[in-house]
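All remarks here apply to the structure that follows.
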Amino acid sequence: MLTGVPFALSGGLILIFLLCRSVKYSKSDLDFDLATEKDFRQVESLFSDETDYIPSIYHSWLRERNRVVVLAKRQGQVIGLGSALIVDDGHTAVIELLKVAASEWGNGVASLLHQRSIKLIRAMSSEVQKQSFITALKFYKGCCVLGKQLIL
């Protein structure tokens with residue numbers, strides 16, 4: 001599957017084209033919920049490395065007015081977390097995190113989390129016109145970069 005992933009830069013936008021292997025899950029296979037305090041233990045299990053900062057800021061993220069924290073669940077278990085923040089007077093959505101359980105890598109969970117996060121962000125602010133990512137491309141396991149395009 002060929003996927004275009006937009007990355008905003010000052011003065012333009014780079015569209016990175018990725019070739020991804022087929023994905024296992026569709027929207028109907030997973031449940032997506034806004035994160036709550038009671039989900040913390042399951043969310044914490046996604047972060048096995050003690051250098052991960054998310055467990056220490058999870059609760060404060062839930063209180064931020066312009067932030068969406070979305071959980072992907074399969075059979076009631078949290079398998080992914082996405083976080084996006086509205087900035088720039090409501091014109092930009094910053095995707096700060098797409099984290100997926102290692103056992104689910106390559107199954108399309110990050111892509112579905114991204115889609116759901118953007119849908120919720122747009123419901124919060126219809127003014128959102130661009131997206132910025134603060135995350136590594138490494139979450140696109142099973143993909144390779146085919147090309148990059150700058151869009152002004």
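Chain labels run A, B, ... following the order of the structure tokens; each chain numbers its residues from 1, and ligands are numbered from 1 in the order shown.
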
Fewer than 4 positions away in the same chain doesn't count, so skip those; otherwise give me all residues within 10 Å of Arg41 (chain A), counting only C-alpha atoms, as a PDB file with C-alpha atoms, in the first residue's frame.
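Wrote it out as around_3.pdb, contents follow:
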```pdb
ATOM      1  CA  GLU A  37      -7.266   8.206  34.336  1.00  0.00           C
ATOM      2  CA  SER A  45       2.424  -1.247  29.967  1.00  0.00           C
ATOM      3  CA  LEU A  46       3.092   0.163  26.473  1.00  0.00           C
ATOM      4  CA  PRO A  55       3.855   7.689  31.976  1.00  0.00           C
ATOM      5  CA  VAL A  78      -4.911  -1.073  25.123  1.00  0.00           C
TER       6      VAL A  78
END
```

Name all residues at most 10 Å from Tyr58 (chain A) (count only C-alpha atoms; drop same-chain ones fewer than 4 positions away) and give them as a list in words. Ala35, Thr36, Glu37, Phe40, Val43, Glu44, Tyr53, Ile54, Leu62, Arg63, Val69 and Ser83 of chain A

If you count only C-alpha atoms, the residue of A:Ala72, A:Leu81, A:Leu112, A:Ala93 closest to Phe47 (chain A) turns out to be A:Leu81

Between CA of Asp31 (chain A) and CA of Arg74 (chain A), distance in Å (one decimal):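 Distance reported for this atom pair: 6.4 Å.
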
Using Å and a single decimal, report how far CA of Gly82 (chain A) sits from CA of Arg67 (chain A).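 CA of Gly82 (chain A) lies at a distance of 10.5 Å from CA of Arg67 (chain A).
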
Of A:Ala102, A:Ser111, A:Met124, A:His91, the one sitting nearest Ser48 (chain A) when using only C-alpha atoms is A:Ala102
